[in-house]
Every structure is written in structure tokens, then in C-alpha cells.
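A.B. asks: I'm passing along start09.tsv; it holds TSV, C-alpha atoms.
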```tsv
chain	number	residue	atom	x	y	z
A	1	MET	CA	2.74	19.59	24.08
A	2	GLN	CA	6.01	19.72	22.07
A	3	PHE	CA	6.74	18.16	18.70
A	4	GLY	CA	9.95	16.72	17.27
A	5	ASN	CA	10.87	20.03	15.64
A	6	GLY	CA	10.78	21.90	18.95
A	7	ARG	CA	7.51	23.75	18.31
A	8	LYS	CA	4.84	24.00	20.96
A	9	VAL	CA	1.19	23.82	20.02
A	10	ARG	CA	-0.40	27.27	20.35
A	11	ASP	CA	-3.85	26.25	19.13
A	12	LEU	CA	-5.60	22.97	18.55
A	13	ILE	CA	-5.54	21.49	15.07
A	14	ALA	CA	-8.65	22.58	13.19
A	15	HIS	CA	-7.73	21.87	9.57
A	16	VAL	CA	-6.26	18.82	7.79
A	17	VAL	CA	-4.57	18.73	4.39
A	18	TYR	CA	-4.11	15.38	2.65
A	19	VAL	CA	-1.28	15.23	0.09
A	20	VAL	CA	-1.99	12.53	-2.52
A	21	GLU	CA	-0.63	11.68	-5.96
A	22	SER	CA	-3.75	10.16	-7.51
A	23	PRO	CA	-7.18	11.71	-8.06
A	24	LEU	CA	-9.28	10.93	-5.00
A	25	SER	CA	-11.59	7.99	-5.76
A	26	HIS	CA	-14.64	7.00	-3.74
A	27	ARG	CA	-12.57	4.12	-2.32
A	28	ASP	CA	-9.84	6.55	-1.25
A	29	PHE	CA	-12.42	8.84	0.38
A	30	ASP	CA	-13.41	5.93	2.64
A	31	ARG	CA	-9.93	4.43	3.06
A	32	PHE	CA	-8.44	7.76	4.12
A	33	GLY	CA	-11.14	8.34	6.72
A	34	ILE	CA	-12.12	11.79	5.44
A	35	ALA	CA	-15.69	11.59	6.69
A	36	ARG	CA	-14.46	10.43	10.11
A	37	LEU	CA	-12.21	13.47	10.49
A	38	GLN	CA	-15.02	15.77	9.34
A	39	ALA	CA	-17.37	14.17	11.88
A	40	ARG	CA	-14.92	15.14	14.62
A	41	GLY	CA	-15.12	18.80	13.58
A	42	LEU	CA	-11.96	18.97	11.47
A	43	THR	CA	-12.12	20.69	8.09
A	44	VAL	CA	-10.40	18.76	5.33
A	45	GLU	CA	-8.89	19.57	1.95
A	46	VAL	CA	-6.82	17.57	-0.52
A	47	TRP	CA	-3.71	18.52	-2.46
A	48	ASP	CA	-3.33	16.30	-5.53
A	49	VAL	CA	0.30	16.44	-6.72
A	50	HIS	CA	0.24	13.66	-9.31
A	51	GLU	CA	0.80	15.99	-12.27
A	52	ILE	CA	4.16	16.95	-10.79
A	53	PHE	CA	5.48	13.74	-9.27
A	54	LEU	CA	3.60	10.86	-10.92
A	55	PRO	CA	2.04	12.06	-14.19
A	56	ARG	CA	0.23	9.49	-16.31
A	57	PRO	CA	-2.34	9.70	-19.08
A	58	GLY	CA	-5.91	8.57	-18.81
A	59	LEU	CA	-6.67	9.82	-15.31
A	60	PRO	CA	-9.96	11.67	-14.82
A	61	GLU	CA	-9.65	15.45	-14.96
A	62	VAL	CA	-12.27	15.88	-12.24
A	63	PRO	CA	-11.72	14.02	-8.95
A	64	LEU	CA	-14.14	11.15	-8.45
A	65	ALA	CA	-15.03	11.83	-4.82
A	66	GLY	CA	-16.73	15.03	-3.78
A	67	GLY	CA	-17.32	16.52	-0.36
A	68	VAL	CA	-13.91	18.10	0.12
A	69	PRO	CA	-12.04	20.95	-1.62
A	70	ILE	CA	-9.44	19.42	-3.94
A	71	GLN	CA	-6.54	21.47	-5.24
A	72	VAL	CA	-4.71	19.90	-8.18
A	73	MET	CA	-1.14	21.18	-8.15
A	74	HIS	CA	0.30	21.85	-11.61
A	75	SER	CA	3.72	23.23	-10.65
A	76	LEU	CA	6.26	23.37	-7.85
A	77	GLU	CA	5.52	27.07	-7.49
A	78	GLU	CA	1.92	26.24	-6.58
A	79	ILE	CA	3.11	23.89	-3.85
A	80	VAL	CA	5.49	26.48	-2.41
A	81	THR	CA	2.77	29.13	-2.39
A	82	ALA	CA	0.19	26.84	-0.79
A	83	ALA	CA	2.66	25.62	1.86
A	84	SER	CA	3.62	29.20	2.75
A	85	GLN	CA	0.00	29.84	3.73
A	86	LEU	CA	-0.23	26.96	6.20
A	87	THR	CA	-0.56	27.77	9.89
A	88	ASP	CA	0.10	25.91	13.10
A	89	THR	CA	-3.61	24.99	13.31
A	90	THR	CA	-3.18	22.80	10.22
A	91	ALA	CA	-2.01	19.19	10.09
A	92	VAL	CA	-0.61	17.82	6.83
A	93	VAL	CA	-1.15	14.09	6.27
A	94	LEU	CA	1.41	12.91	3.73
A	95	LEU	CA	0.16	10.08	1.55
A	96	SER	CA	2.93	10.94	-0.89
A	97	GLY	CA	6.52	12.00	-0.42
A	98	ALA	CA	7.39	10.44	2.94
A	99	PHE	CA	7.98	6.86	1.86
A	100	LEU	CA	11.04	4.83	0.90
A	101	GLY	CA	12.06	5.79	-2.60
A	102	ASN	CA	10.18	9.12	-2.49
A	103	MET	CA	12.76	11.33	-0.82
A	104	SER	CA	14.88	11.83	-3.93
A	105	THR	CA	11.96	12.72	-6.18
A	106	HIS	CA	9.79	14.71	-3.77
A	107	LEU	CA	12.42	17.10	-2.36
A	108	PRO	CA	10.59	20.32	-3.36
A	109	LEU	CA	7.37	19.14	-1.71
A	110	MET	CA	9.09	18.12	1.53
A	111	ARG	CA	11.23	21.26	1.66
A	112	ALA	CA	8.18	23.52	1.28
A	113	LEU	CA	6.22	21.68	3.98
A	114	MET	CA	9.15	21.58	6.40
A	115	ARG	CA	9.45	25.37	6.21
A	116	SER	CA	5.82	25.77	7.25
A	117	PRO	CA	4.55	25.80	10.86
A	118	ALA	CA	2.05	23.00	10.12
A	119	THR	CA	2.05	19.70	11.99
A	120	LEU	CA	3.45	17.04	9.66
A	121	GLY	CA	2.44	13.40	9.70
A	122	THR	CA	2.29	10.38	7.43
A	123	VAL	CA	0.39	7.10	7.27
A	124	SER	CA	1.86	3.68	6.53
A	125	ALA	CA	-0.83	1.08	7.10
A	126	GLY	CA	-0.59	-1.33	4.19
A	127	GLN	CA	2.18	-3.53	5.54
A	128	ARG	CA	3.81	-6.11	3.29
A	129	PRO	CA	6.58	-8.46	4.41
A	130	PRO	CA	10.00	-6.76	4.07
A	131	MET	CA	12.04	-7.76	1.03
A	132	PRO	CA	15.84	-7.97	0.70
A	133	GLY	CA	17.28	-4.48	0.82
A	134	ASP	CA	14.25	-3.08	2.63
A	135	ASP	CA	14.58	-4.76	6.02
A	136	LEU	CA	15.88	-2.09	8.38
A	137	ARG	CA	16.88	-4.77	10.87
A	138	LEU	CA	19.82	-5.48	8.58
A	139	GLY	CA	22.97	-3.39	8.68
A	140	LEU	CA	23.51	-0.59	6.18
A	141	LEU	CA	26.20	-2.53	4.27
A	142	GLN	CA	23.99	-5.63	4.05
A	143	ARG	CA	21.08	-3.59	2.67
A	144	GLN	CA	23.33	-1.92	0.11
A	145	VAL	CA	24.73	-5.27	-1.08
A	146	LEU	CA	21.23	-6.70	-1.42
A	147	ARG	CA	20.04	-3.63	-3.34
A	148	VAL	CA	23.00	-3.88	-5.74
A	149	ARG	CA	22.24	-7.55	-6.35
A	150	HIS	CA	18.58	-6.74	-6.94
A	151	GLN	CA	19.42	-3.97	-9.41
A	152	ALA	CA	21.91	-6.19	-11.23
A	153	GLY	CA	19.25	-8.88	-11.58
A	154	ALA	CA	16.72	-6.34	-12.80
A	155	LEU	CA	19.23	-5.13	-15.40
A	156	ARG	CA	19.83	-8.68	-16.68
A	157	ARG	CA	16.07	-9.28	-16.98
A	158	GLY	CA	15.48	-6.01	-18.82
A	159	GLU	CA	13.39	-4.57	-15.98
A	160	THR	CA	15.61	-1.50	-15.74
A	161	SER	CA	18.30	0.21	-17.81
A	162	PRO	CA	21.72	1.75	-17.12
A	163	THR	CA	20.20	5.19	-17.70
A	164	ARG	CA	17.50	4.65	-15.05
A	165	MET	CA	20.05	3.25	-12.61
A	166	VAL	CA	22.30	6.32	-13.00
A	167	LYS	CA	19.31	8.62	-12.63
A	168	ARG	CA	18.26	6.82	-9.46
A	169	ALA	CA	21.78	7.05	-7.99
A	170	ARG	CA	21.91	10.79	-8.65
A	171	GLN	CA	18.53	11.26	-6.98
A	172	LEU	CA	19.70	9.38	-3.88
A	173	ILE	CA	22.86	11.51	-3.64
A	174	GLN	CA	20.72	14.66	-3.90
A	175	ALA	CA	18.40	13.37	-1.19
A	176	ARG	CA	21.26	12.68	1.22
A	177	ARG	CA	22.64	16.16	0.63
A	178	PHE	CA	19.22	17.58	1.36
A	179	VAL	CA	18.99	15.82	4.70
A	180	ARG	CA	22.48	16.92	5.74
A	181	ALA	CA	21.89	20.57	4.82
A	182	GLN	CA	20.37	22.05	7.97
A	183	ASP	CA	19.97	25.46	6.31
A	184	LEU	CA	17.20	23.94	4.18
A	185	GLY	CA	15.04	23.75	7.28
A	186	PHE	CA	14.96	19.97	7.62
A	187	ARG	CA	12.78	18.73	10.45
A	188	PRO	CA	11.35	15.29	11.18
A	189	LEU	CA	7.70	14.37	11.08
A	190	ASP	CA	5.56	15.07	14.11
A	191	TYR	CA	3.45	11.94	13.67
A	192	ALA	CA	3.67	8.57	11.96
A	193	TRP	CA	0.42	6.59	12.08
A	194	VAL	CA	1.26	3.03	11.11
A	195	GLY	CA	-0.02	-0.50	11.05
A	196	THR	CA	2.65	-2.70	12.62
A	197	ASP	CA	5.97	-1.11	11.63
A	198	THR	CA	7.57	1.98	10.11
A	199	ALA	CA	9.55	0.12	7.44
A	200	GLY	CA	7.80	1.88	4.57
A	201	ILE	CA	8.65	5.40	5.81
A	202	GLN	CA	11.86	7.21	4.88
A	203	PRO	CA	13.95	6.71	8.08
A	204	VAL	CA	15.44	10.23	8.08
A	205	LEU	CA	11.93	11.61	8.57
A	206	LEU	CA	11.51	9.81	11.89
A	207	GLY	CA	13.23	11.85	14.59
A	208	PRO	CA	13.60	11.01	18.28
A	209	ASN	CA	10.45	12.99	19.11
A	210	THR	CA	8.30	11.76	16.23
A	211	GLN	CA	5.19	10.25	17.77
A	212	VAL	CA	4.95	6.81	16.16
A	213	ARG	CA	1.44	5.51	16.71
A	214	PHE	CA	0.94	1.78	16.10
A	215	ILE	CA	-2.70	1.15	15.23
A	216	HIS	CA	-3.40	-1.58	12.62
A	217	THR	CA	-3.44	-1.97	8.86
A	218	HIS	CA	-6.14	-0.60	6.57
A	219	ASP	CA	-7.26	-4.16	5.84
A	220	TYR	CA	-7.65	-4.94	9.53
A	221	ASP	CA	-9.63	-1.72	9.82
A	222	LEU	CA	-12.12	-3.19	7.33
A	223	ILE	CA	-12.62	-6.18	9.61
A	224	LEU	CA	-13.28	-3.96	12.63
A	225	GLN	CA	-15.88	-1.99	10.73
A	226	SER	CA	-17.68	-4.92	9.10
A	227	ASP	CA	-20.31	-7.34	10.33
A	228	LEU	CA	-19.20	-10.74	9.05
A	229	THR	CA	-21.34	-12.88	11.34
A	230	SER	CA	-23.70	-13.96	8.55
A	231	SER	CA	-21.32	-14.17	5.62
A	232	GLN	CA	-22.58	-15.74	2.42
A	233	ASP	CA	-21.08	-19.07	1.33
A	234	PHE	CA	-19.00	-18.25	-1.76
A	235	GLY	CA	-17.07	-21.51	-2.06
A	236	PRO	CA	-13.56	-21.24	-3.59
A	237	ILE	CA	-12.42	-17.75	-4.56
A	238	PHE	CA	-9.45	-16.27	-6.43
A	239	LEU	CA	-7.83	-12.99	-5.38
A	240	ASP	CA	-7.37	-11.06	-8.61
A	241	THR	CA	-4.42	-8.65	-8.82
A	242	MET	CA	-4.91	-7.71	-12.51
A	243	GLY	CA	-1.54	-9.19	-13.56
A	244	PRO	CA	0.10	-7.04	-16.29
A	245	LEU	CA	-3.06	-4.90	-16.36
A	246	HIS	CA	-2.30	-3.47	-12.92
A	247	PRO	CA	-2.06	0.33	-13.29
A	248	ASP	CA	1.36	0.48	-11.63
A	249	PHE	CA	2.98	-1.30	-14.59
A	250	ALA	CA	2.01	1.63	-16.80
A	251	VAL	CA	3.45	4.40	-14.62
A	252	LEU	CA	6.39	3.10	-12.56
A	253	GLU	CA	9.50	3.10	-14.70
A	254	ASP	CA	11.28	0.35	-12.76
A	255	LEU	CA	8.30	-2.01	-12.95
A	256	ARG	CA	8.10	-4.21	-16.04
A	257	ALA	CA	5.77	-7.17	-16.53
A	258	GLN	CA	7.47	-10.26	-17.95
A	259	MET	CA	4.27	-11.64	-19.52
A	260	SER	CA	1.62	-10.33	-21.84
A	261	VAL	CA	-1.97	-10.00	-20.66
A	262	GLU	CA	-2.91	-13.05	-22.74
A	263	GLN	CA	-0.10	-15.17	-21.29
A	264	TRP	CA	-0.84	-14.20	-17.69
A	265	PHE	CA	-4.58	-14.77	-17.73
A	266	GLY	CA	-4.10	-17.92	-19.81
A	267	ILE	CA	-1.91	-19.43	-17.08
A	268	VAL	CA	-4.27	-18.32	-14.31
A	269	THR	CA	-7.49	-19.55	-15.95
A	270	ARG	CA	-5.97	-22.92	-16.85
A	271	ALA	CA	-4.88	-23.35	-13.22
A	272	LEU	CA	-8.35	-22.37	-12.00
A	273	THR	CA	-9.91	-24.91	-14.38
A	274	GLN	CA	-7.72	-27.64	-12.88
A	275	VAL	CA	-8.69	-26.60	-9.35
A	276	GLU	CA	-12.38	-26.61	-10.32
A	277	LEU	CA	-12.08	-30.15	-11.70
A	278	HIS	CA	-10.66	-31.29	-8.34
A	279	LEU	CA	-13.28	-29.45	-6.26
A	280	GLY	CA	-16.29	-29.89	-8.50
A	281	LYS	CA	-17.08	-26.21	-7.92
A	282	ARG	CA	-16.66	-23.02	-9.94
A	283	VAL	CA	-14.19	-20.44	-8.59
A	284	THR	CA	-15.51	-16.91	-7.93
A	285	ILE	CA	-13.17	-14.01	-8.71
A	286	ALA	CA	-12.58	-11.27	-6.11
A	287	ALA	CA	-11.73	-8.31	-8.34
A	288	HIS	CA	-8.80	-6.07	-7.46
A	289	PRO	CA	-10.02	-2.76	-5.98
A	290	ARG	CA	-8.59	-0.82	-8.93
A	291	ALA	CA	-10.33	-2.91	-11.59
A	292	SER	CA	-13.31	-1.38	-13.38
A	293	LYS	CA	-16.64	-3.19	-13.39
A	294	GLY	CA	-16.95	-5.34	-16.48
A	295	GLN	CA	-13.20	-5.27	-17.19
A	296	LEU	CA	-12.28	-8.74	-15.97
A	297	GLU	CA	-15.11	-11.09	-16.99
A	298	PRO	CA	-13.76	-11.84	-20.50
A	299	LEU	CA	-10.28	-12.47	-19.10
A	300	TYR	CA	-11.56	-15.01	-16.57
A	301	GLU	CA	-13.61	-16.87	-19.18
A	302	GLN	CA	-16.92	-15.58	-17.87
A	303	ARG	CA	-16.41	-16.78	-14.30
A	304	GLU	CA	-18.40	-14.70	-11.82
A	305	VAL	CA	-16.42	-11.60	-10.90
A	306	LEU	CA	-17.47	-9.59	-7.85
A	307	TYR	CA	-16.19	-6.04	-7.39
A	308	GLY	CA	-15.64	-4.25	-4.09
A	309	GLN	CA	-16.39	-7.35	-2.00
A	310	THR	CA	-12.97	-8.83	-1.26
A	311	LEU	CA	-13.43	-8.90	2.51
A	312	GLU	CA	-16.86	-10.54	2.28
A	313	LEU	CA	-15.63	-13.05	-0.30
A	314	ILE	CA	-12.70	-14.11	1.86
A	315	ALA	CA	-14.91	-14.39	4.96
A	316	GLY	CA	-17.36	-16.63	3.11
A	317	SER	CA	-14.81	-18.70	1.19
A	318	SER	CA	-14.10	-22.39	1.49
A	319	LEU	CA	-10.68	-21.88	-0.10
A	320	VAL	CA	-8.68	-18.81	-1.15
A	321	LEU	CA	-6.43	-18.94	-4.21
A	322	THR	CA	-3.91	-16.34	-5.40
A	323	ALA	CA	-1.13	-16.10	-7.96
A	324	SER	CA	0.36	-12.76	-6.91
A	325	PRO	CA	1.41	-11.05	-3.66
A	326	THR	CA	-1.38	-8.96	-2.17
A	327	THR	CA	-2.06	-7.39	1.22
A	328	SER	CA	-5.43	-9.20	1.11
A	329	LEU	CA	-3.52	-12.27	2.28
A	330	GLY	CA	-3.54	-10.59	5.68
A	331	LEU	CA	-7.34	-10.84	5.60
A	332	VAL	CA	-6.99	-14.54	4.81
A	333	ALA	CA	-4.84	-14.98	7.92
A	334	SER	CA	-7.08	-12.83	10.12
A	335	LEU	CA	-10.22	-14.72	9.04
A	336	GLU	CA	-8.41	-18.09	9.14
A	337	ARG	CA	-9.31	-19.30	5.67
A	338	PRO	CA	-7.41	-22.10	3.86
A	339	LEU	CA	-4.99	-20.79	1.23
A	340	THR	CA	-3.36	-22.19	-1.90
A	341	ILE	CA	-0.78	-20.15	-3.79
A	342	LEU	CA	-0.71	-20.84	-7.54
A	343	ARG	CA	2.88	-19.78	-8.18
A	344	PRO	CA	3.59	-18.63	-11.75
A	345	SER	CA	7.02	-19.12	-13.28
A	346	SER	CA	7.29	-15.43	-14.14
A	347	LEU	CA	5.64	-12.01	-13.92
A	348	TYR	CA	7.97	-9.59	-12.17
A	349	ALA	CA	10.95	-10.72	-10.10
A	350	ARG	CA	10.15	-8.67	-7.01
A	351	HIS	CA	6.56	-9.91	-7.04
A	352	LEU	CA	7.76	-13.50	-7.05
A	353	MET	CA	10.07	-12.73	-4.13
A	354	GLU	CA	7.14	-11.20	-2.24
A	355	LEU	CA	4.91	-14.14	-3.08
A	356	ASP	CA	7.51	-16.61	-1.77
A	357	GLU	CA	7.88	-14.58	1.42
A	358	TYR	CA	4.12	-14.57	1.97
A	359	ALA	CA	4.11	-18.34	1.44
A	360	ARG	CA	6.87	-18.80	4.02
A	361	LEU	CA	5.29	-16.59	6.66
A	362	LEU	CA	1.80	-18.02	6.19
A	363	ASP	CA	3.03	-21.63	5.91
A	364	ALA	CA	0.91	-21.70	2.76
A	365	GLN	CA	0.45	-24.49	0.28
A	366	VAL	CA	2.27	-23.67	-2.97
A	367	VAL	CA	1.65	-25.38	-6.31
A	368	SER	CA	2.81	-24.53	-9.80
A	369	ALA	CA	0.29	-22.38	-11.65
A	370	GLU	CA	1.44	-23.98	-14.90
A	371	ASP	CA	1.05	-27.54	-13.59
A	372	VAL	CA	-1.46	-28.20	-10.81
A	373	PRO	CA	-0.67	-31.79	-9.77
A	374	ASN	CA	-3.27	-34.54	-10.06
A	375	SER	CA	-2.77	-35.27	-6.35
A	376	TRP	CA	-3.69	-31.72	-5.32
A	377	GLU	CA	-6.26	-31.18	-2.58
A	378	PRO	CA	-7.14	-28.17	-0.39
A	379	PRO	CA	-4.81	-27.59	2.58
A	380	PRO	CA	-5.62	-27.30	6.28
A	381	VAL	CA	-5.48	-23.93	8.00
A	382	PRO	CA	-2.04	-23.32	9.66
A	383	LEU	CA	-3.44	-21.46	12.67
A	384	SER	CA	-0.14	-20.78	14.45
A	385	ALA	CA	1.50	-19.30	11.35
A	386	TYR	CA	-1.60	-17.17	10.71
A	387	ALA	CA	-1.57	-15.86	14.28
A	388	MET	CA	2.08	-14.85	13.97
A	389	PHE	CA	1.40	-13.16	10.63
A	390	VAL	CA	-1.47	-11.12	12.08
A	391	GLU	CA	0.66	-10.03	15.02
A	392	HIS	CA	3.56	-8.89	12.84
A	393	HIS	CA	1.80	-7.62	9.72
A	394	MET	CA	-1.81	-6.73	10.62
A	395	LYS	CA	-2.28	-5.70	14.26
A	396	ARG	CA	0.14	-5.68	17.16
A	397	PRO	CA	-1.16	-6.96	20.50
A	398	GLY	CA	-2.44	-4.16	22.73
A	399	THR	CA	-2.95	-1.61	19.96
A	400	PRO	CA	-6.24	0.34	19.64
A	401	ILE	CA	-9.38	-1.43	18.46
A	402	GLU	CA	-11.03	1.79	17.29
A	403	PRO	CA	-11.21	2.59	13.57
A	404	PHE	CA	-7.84	3.79	12.28
A	405	TRP	CA	-8.85	7.37	11.50
A	406	ASP	CA	-10.65	7.83	14.82
A	407	VAL	CA	-7.25	7.30	16.45
A	408	VAL	CA	-5.68	9.84	14.08
A	409	ALA	CA	-8.42	12.36	14.89
A	410	SER	CA	-7.96	11.89	18.63
A	411	ASP	CA	-4.22	12.53	18.29
A	412	LEU	CA	-4.75	15.70	16.26
A	413	LEU	CA	-7.40	16.98	18.68
A	414	GLN	CA	-5.24	15.97	21.68
A	415	GLU	CA	-8.06	13.99	23.21
```
Represent the structure from my file as C-alpha cells, please.
C.D. replies:
Amino acid sequence: MQFGNGRKVRDLIAHVVYVVESPLSHRDFDRFGIARLQARGLTVEVWDVHEIFLPRPGLPEVPLAGGVPIQVMHSLEEIVTAASQLTDTTAVVLLSGAFLGNMSTHLPLMRALMRSPATLGTVSAGQRPPMPGDDLRLGLLQRQVLRVRHQAGALRRGETSPTRMVKRARQLIQARRFVRAQDLGFRPLDYAWVGTDTAGIQPVLLGPNTQVRFIHTHDYDLILQSDLTSSQDFGPIFLDTMGPLHPDFAVLEDLRAQMSVEQWFGIVTRALTQVELHLGKRVTIAAHPRASKGQLEPLYEQREVLYGQTLELIAGSSLVLTASPTTSLGLVASLERPLTILRPSSLYARHLMELDEYARLLDAQVVSAEDVPNSWEPPPVPLSAYAMFVEHHMKRPGTPIEPFWDVVASDLLQE
């Protein structure tokens, strides 16, 4: 068997290295299929590179999930040394560094790995609808024009600054030089395990011999692995996304919330109160996976908040409500639940663009979060729009029905 870089496999893969940029949580341990790879006889370790590429205060010093060796990288020298020790019986699964926007910042990581004999792969299985400037079906000039317009709008709204824009431009120039410089040992990925498309992966990393494996999204994987035949009746539910409390607002320099925590949750809870008056039922909150237990109850005025049960809540819902874009809307489509989008007037411009795109693709009912009309009533389920959404953003027809990481393991073991 020959990979995109021209190497031939001398021995079967026996060892897997995950490269992540957050301490491994219990949720990540499950979502990344570590136990499934171990069950197939593969040894697994984790390289945590967040201190180098995405440092932020308040993270736990000790990883939350045990069961695998975890090496926290503190310097680029550590990465180079570790990569130099990789062999061709190792596969590196990049959960950092291979995605759009990463190439300019993660050059040392990619360069070190590309010089090693290891098999290189990445995973992109959390598909969101493409936004302007991201859609690779557009021409290069069209994408550049859309990106310029987006950056100009972000500058007007105070979401970025001239300094950050110049820094970003310099990083992109450096990245392009890196790709063109063959003496740096550039080679494409051997594998890309994806949900329904490769749009989230840096295109230069996908060579003509990269094995692109379409499987399904992580959310669809949850459906395959769950027994939802006797779901509890939860009534109306709201998909929490934490608003300005979402951890990404604290660490991503180009992401700025346009509302305070008080403003955001005030708008949301008032809208939920109006919905409850129409339905005569209390709304249950499906907590965002990154929310801590007990964190959200005061913000939702003591409504019942359930943590770690989003799939079950959607399956047992009579109506799903959301005010932000979230991949959980794919679960709503897959499970064919009625959906109402409570659209806020502001939060973050890109989020509103994503929310509008979700609404268009799902043919969803949209009402103003600040002014739920007196005539409002729950919508019917747009089955044809949901079916199209699932096909394009959850699971392609004819793709495997096995759990996502079982497919990855089979590829690595050449089964």
C-alpha cells in the first residue's frame, strides 16, 4: 500500500498519537474514540500542544481523562524532539494544526511531523454549513473578496483591529511560502477522516493520493451508538450555547461578543417566557457540552437544566428552540423534531450569518428573540429540507454505518 507522500508501509500501524490543543476531558476521551482504538489493539498517546498554540488561563494542570499517556508540550523544541522519534508504525491523528486558519500559526508543528516517517491523518467531523469566504466551490477571487468584506465589517464593529489584521496577513504569507518551499519537506496528509466534506481542512494538505474517507459527523455517531426507542417526553427544550460565556470568546482574538452576559441571557429568558405562555409548558434547557454543572441554572431563572443529555433531550422533545448556531441542529434534522429559531438582533456577526444559513437550509421557523409575536405557534416539521440537510451535513448516502472510530481503526490496521 502506498501513501500520498510516496512511502510504502513496511509494518502495520501499532501506535496512534493524537495531537490536541486542549486538555483531554472525559467527553473528548469518548468523542475521539480512544477506547475503541485501544480495543482494536492499538496503543494510544496524546500530545497536548495548547501551551504553545492556544494558551489560556484557568485550564486544569492535570488532564481530566486518564487511561492514556499524555505529554503536555511546553516548547517547539519538545515537539521537534518528539516528532523525530516517530516511526512508520505510528499514525498521527491531527486534531490541531490541519484546519483552515491553522496553517499560518502551526507551521513548526506541521513541519516537524512532515519530516517524520509517521502516517499523518486528520479528522473533520463536525460539519457546519459553509459561510462566505469558506465555500471552496467558489473561485479563489470570489473567496478573497468575501473575506475582505467580512474583515472590513469586523473592523467596523470592533471585532478585530488593524494590528490583528496585519498580523493575520503576515501569517498567511508565511504559510504560503512554507507550502511552496519543497526543501522544508512538505508532504500531504495520508488520511482525512471526515463527515460529509473536507471544507474545514487546509486544502494544501490534501494531495492527490490522500485517502479521504467519508464516514459521518460526530453527532450522527451519537445516534448510531444510542438506543432512543424509549425516549423520555421532555416537552419543549432550548439548546444552550452559553452565549458570551462560551469559552471560545475568551481565547480567540478575532471573536468578540457584542452583548454582555446579562443582556444575552435576559433576551433569551424573556423569549422563553413568551414561548412558555403560548405552550402552557416550561422549557427544559439542554446545557452546552462545555458548561459546568450548576453554572447555568441562575442564568435561566431556575429552569431545569440537564447536562450531557442533548441527544436524549432532542429525541424526546416536542419542540426544539435555539438562539445560536450549533451543530446540534443536525440532530434536530436527523431525529425530525420541530424547530423554532429565536433570532437575536446581535451577538457576533459570523454567528448570526451561520444562524441564518441554518435557518435557510432547514427551512426553519424564525422569530425575533426580542419580540415573540402574539400569533406565534409551533411549526410543522419540514421533512424534505431535513432530509437534504442530513445528506449534505450529517451523513452521505452509502457511507459506513459503523461507529466513526471503528472505521478509522480498520483503515489504520488495513482491514
A.B. asks: Within 10 Å of Pro55 in chain A, counting all atoms listed in the file, which residues show up once you throw out same-chain ones fewer than 5 positions away? Write them as a compact mmCIF listing (two decimals) with C-alpha atoms, in the coordinates of the input, please.
C.D. replies:
```
# COMPACT_ATOMS: atom_id res chain seq x y z
CA GLU A 21 -0.63 11.68 -5.96
CA SER A 22 -3.75 10.16 -7.51
CA VAL A 49 0.30 16.44 -6.72
CA HIS A 50 0.24 13.66 -9.31
CA VAL A 251 3.45 4.40 -14.62
```
A.B. asks: Kindly indicate which residue among A:Thr105, A:Thr229, A:Ser116, A:Ser75 lies nearest to Ala91 in chain A, using only C-alpha atoms for the distances.
C.D. replies: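 Smallest separation from Ala91 in chain A among the options: A:Ser116.
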A.B. asks: As an exercise, work out the distance from CA of Thr327 in chain A to CA of Arg128 in chain A in Å and give it to one decimal place.
C.D. replies: 6.4 Å
A.B. asks: Could you pull the residues within 8 Å of range 113-115 of chain A, counting only C-alpha atoms, minus those fewer than 3 positions along the same chain, as a list of chain:residue names?
C.D. replies: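 Answer for this query is A:Ala83, A:Ser84, A:Leu109, A:Met110, A:Ala118, A:Leu120, A:Gly185, A:Phe186, A:Arg187.
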A.B. asks: Can you tell me how far CA of Gln211 in chain A sits from CA of Ala98 in chain A, in Å to one decimal?
C.D. replies: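 CA of Ala98 in chain A lies 15.0 Å from CA of Gln211 in chain A.
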